[in-house]
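Reviewing the structure listed below.
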Amino acid sequence: MNSTMKLPLAAVAGDTAYFLELQNDGFLHISCAQAAEPAEREILTAECNRFTAATDREGRLHVLTAGDGPRPAYFCIKSGQVETVPFPVRAAETFFLAFGSGGHGYYLGQSDKGITLAFGHDWPKWNFQDYDLGASLLPAGLAVDSAGYAHLVLCDTSEGDLLYLTAEPRQYRLSSPLQLSTGLQLQTPPALLFDAVQNIHLAWVSAEDGQLHYRARLAGGWPVGGWQQEFSRPLTEKAMLIAFTEAYPHPQIWVVAASGHARCFPATGIEEETVCQLSPSALFLRKARAGVCDVCFFRRDEGIPLLTQLLTEKKEAESTAEKAAEEEEDNPFFLHARRLLAEKKRLELEISKKDASLAQLQRMLEMSQESVKKQSRLLNDRLSDIQAKMGELRQKNSRLEAKIQELQDFPDRLQQAEKALQKAEKIIADYKQQVAQLQHELSFYMRREKEYLEQISKLQAEINAKKGLWESFASLLQKKPSVKK
């Protein structure tokens with residue numbers, strides 16, 4: 001499971017600061033405070049093992065939680081009042097939620113065949129769309145820009161690809177995937193930062209080489225805008241979590257090791273790293289703001305509650321912005337410059353979209369060229385197979401022609417066979433006649449033999465009778481006295 005979905009989350013929606021913390025027993029606690037009021041800590045849900053949250057422009061906090069059940073739980077909180085909203089989607093292993101400054105809301109999660117993207121333009125209505133992009137795709141990041149476009153980062157676990165896509169508002173259409181890196185074996189979930197000037201920063205740790213990798217897409221057109229070259233640097237310890245801290249002009253990349261040390265790397269890749277020890281006053285948490293929910297390194301001020309510190313930071317930022325706006329209104333040059341900067345920002349956003357489209361077209365061209373090469377190889381292989389099969393067919397044709405020649409000579413051979421058969425049948429008929437005659441003679445001689453045997457038995461009986469009479473007569477002659485005596 002994505003370990004970042006268990007981190008505590010802080011957010012400021014409207015005039016209320018929120019802090020959500022997940023316990024090991026599955027209880028999700030929420031604390032909220034307004035101005036100088038004390039924070040109230042309550043149990044939002046008792047069946048939770050992962051959650052995310054986002055703020056919208058109406059001052060609401062949207063919390064999406066998931067447990068062991070098949071469905072997630074959706075809560076909408078405004079000024080401390082909690083409302084449960086139905087959310088008809090299956091509970092994904094990893095999911096994201098974000099609302100842009102223009103009111104466009106997005107949900108990103110995993111489905112059976114790819115990803116599920118929900119569009120929430122008229123809250124609480126959501127439009128769910130399933131995209132068949134492959135069951136091995138996992139959501140890795142979501143951000144919404146000022147124009148309402150959603151920026152998606154996906155990880156292909158089977159191929160090891162890191163992909164970037166955009167979704168158009170109200171069109172339910174995804175752009176072609178842009179491959180940021182390939183052959184990855186991620187050691188930790190990638191970190192995504194969408195900064196205040198619409199730049200995208202992405203960092204990940206590869207388990208194969210144990211190095212930290214960073215890549216950014218800068219707003220604006222050529223030659224400074226678009227996706228920049230990737231750079232990497234080795235790590236001395238195994239990473240457990242990576243996060244960003246937005247800083248000017250380059251963000252900071254934080255890598256947390258199993259030992260509890262947090263190492264900070266500037267995104268320039270040339271400065272030395274700094275090491276600090278995590279503590280209750282220096283911790284990692286998720287911070288929900290307009291367009292994205294970041295994982296960041298947060299330093300707490302001693303003696304000041306966390307929610308009060310969040311509210312103070314927001315008020316200071318608002319007062320600074322109001323002061324700058326008043327100064328600009330007093331000076332027409334500043335007002336004109338602000339308008340020019342807004343127009344420049346809009347043009348840079350349009351150019352960045354064009355650059356993204358150009359990069360996608362280049363990628364599609366490369367893919368088509370690679371496809372043509374593959375098709376050429378396949379056609380050559382098929383041509384070789386066809387030629388081999390043609391040789392086999394020629395050999396078969398030769399054998400069939402020989403058989404045809406044999407069949408053409410078959411009538412003469414058939415006539416000869418018929419004549420031989422007729423002769424054989426005639427010889428068989430003569431043999432049958434001779435056999436019948438011999439059987440007749442045999443039966444005649446067998447009757448004669450039977451008659452002779454009967455006569456012999458009769459004569460034998462007569463001989464035996466006469467022999468007995470003679471023996472009895474001889475015995476009488478032997479017993480009679482002679483004349484002389």
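Chain labels run A, B, ... following the order of the structure tokens; each chain numbers its residues from 1, and ligands are numbered from 1 in the order shown.
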With a cut-off of 12 Å, could you pull out the residues of stretch 373-472 of chain A touching stretch 364-367 of chain A and give me the nearest pair of atoms for each, distance in Å to one decimal, using only C-alpha atoms, ordered by chain and ascending number, as a tab-separated table?
residue	atom	partner	partner_atom	distance
A:Lys373	CA	A:Met367	CA	9.8
A:Lys374	CA	A:Met367	CA	10.3
A:Gln375	CA	A:Met367	CA	11.9
Save the residues we just selected, N, CA and C atoms, as a compact mmCIF listing (two decimals), in the first residue's frame?
# COMPACT_ATOMS: atom_id res chain seq x y z
N LYS A 373 9.14 0.03 -38.53
CA LYS A 373 10.29 -0.88 -38.52
C LYS A 373 9.87 -2.29 -38.14
N LYS A 374 9.03 -2.38 -37.13
CA LYS A 374 8.55 -3.70 -36.71
C LYS A 374 7.75 -4.35 -37.82
N GLN A 375 6.88 -3.55 -38.49
CA GLN A 375 6.08 -4.10 -39.57
C GLN A 375 6.97 -4.54 -40.73
Test item: residues at most 12 Å from A:Arg233, only C-alpha atoms, excluding those fewer than 5 positions along its chain, as a compact mmCIF listing (two decimals) with C-alpha atoms, in the first residue's frame:
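Heads up, here's the output in result.txt:
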# COMPACT_ATOMS: atom_id res chain seq x y z
CA ALA A 203 10.90 12.76 -8.15
CA TRP A 204 11.33 9.04 -7.56
CA VAL A 205 13.86 6.56 -6.19
CA SER A 206 14.84 3.57 -8.32
CA ASP A 209 20.38 1.70 -8.87
CA GLY A 210 19.33 3.19 -5.50
CA GLN A 211 19.48 6.74 -6.90
CA LEU A 212 17.21 9.74 -6.61
CA HIS A 213 15.78 10.83 -9.97
CA TYR A 214 14.18 14.21 -10.71
CA ILE A 253 13.51 17.33 -2.43
CA VAL A 255 14.28 11.84 1.26
CA PHE A 265 18.42 17.92 -1.97
CA PRO A 266 17.93 21.14 -3.97
CA ALA A 267 16.32 20.42 -7.32
CA THR A 268 19.29 21.95 -9.14
CA GLY A 269 21.27 18.79 -8.39
CA ILE A 270 24.55 20.63 -7.81
CA GLU A 271 24.28 21.87 -4.22
CA GLU A 272 25.21 19.78 -1.20
CA GLU A 273 22.58 17.90 0.74
Nearby residues (only C-alpha atoms) at most 10 Å from A:Ala118, same-chain spacing under 5 positions excluded, as a list in words: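 Residues meeting the cut-off are Val89, Leu97, Gly105, Tyr106, Tyr107, Leu108, Gly109, Lys125, Trp126, Asn127, Phe128, Gln129, Asp130 and Tyr172 of chain A.
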Determine which residues of stretch 252-328 of chain A DSSP labels as strand (DSSP E) from the backbone of this structure, then write them out as a PyMOL selection string. chain A and resi 252-257+261-266+274-277+282-289+292-299
Residue nearest A:Arg60 among A:His250, A:Arg377, A:Lys389, A:Arg289 (counting only C-alpha atoms): A:Arg289
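Take atom CA of A:Glu237 and atom CA of A:Trp254: the distance between them is 12.9 Å.
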If you measure from atom CA of A:Glu21 to atom CA of A:Leu278, what distance in Å do you get, rounded to one decimal? 17.3 Å
Figure out the distance between atom CA of A:Ser3 and atom CA of A:Ser232, please, to one decimal in Å.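 So the two atoms, atom CA of A:Ser232 and atom CA of A:Ser3, lie 23.0 Å apart.
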Env of A:Glu208: 9 Å cut, atoms = only C-alpha atoms, seq-sep filter 6 positions within chain, self excluded. Answer as a PDB file with C-alpha atoms, in the first residue's frame.
ATOM      1  CA  LEU A 184      11.750   1.451 -13.427  1.00  0.00           C
ATOM      2  CA  GLN A 185      11.669  -0.536 -10.215  1.00  0.00           C
ATOM      3  CA  LEU A 186      10.338   2.018  -7.765  1.00  0.00           C
ATOM      4  CA  GLN A 187      11.615   1.843  -4.198  1.00  0.00           C
TER       5      GLN A 187
END
Can you pull out the residues contacting A:Asp301? Cut-off 12 Å, using only C-alpha atoms, and skip same-chain residues under 2 positions away; I want them as a PyMOL selection string. chain A and resi 280-283+298-299+303-310+312-313
Identify all residues of stretch 181-340 of chain A in alpha helix (DSSP H) (DSSP on the backbone) and supply them as a VMD selection string. chain A and resid 306 to 330 332 to 340
Which polymer residues have any atom within 9 Å of an atom of A:Pro139, counting only C-alpha atoms, with same-chain residues fewer than 4 positions away left out, as a ChimeraX atom specification? /A:94-96,108-110,115,152-155
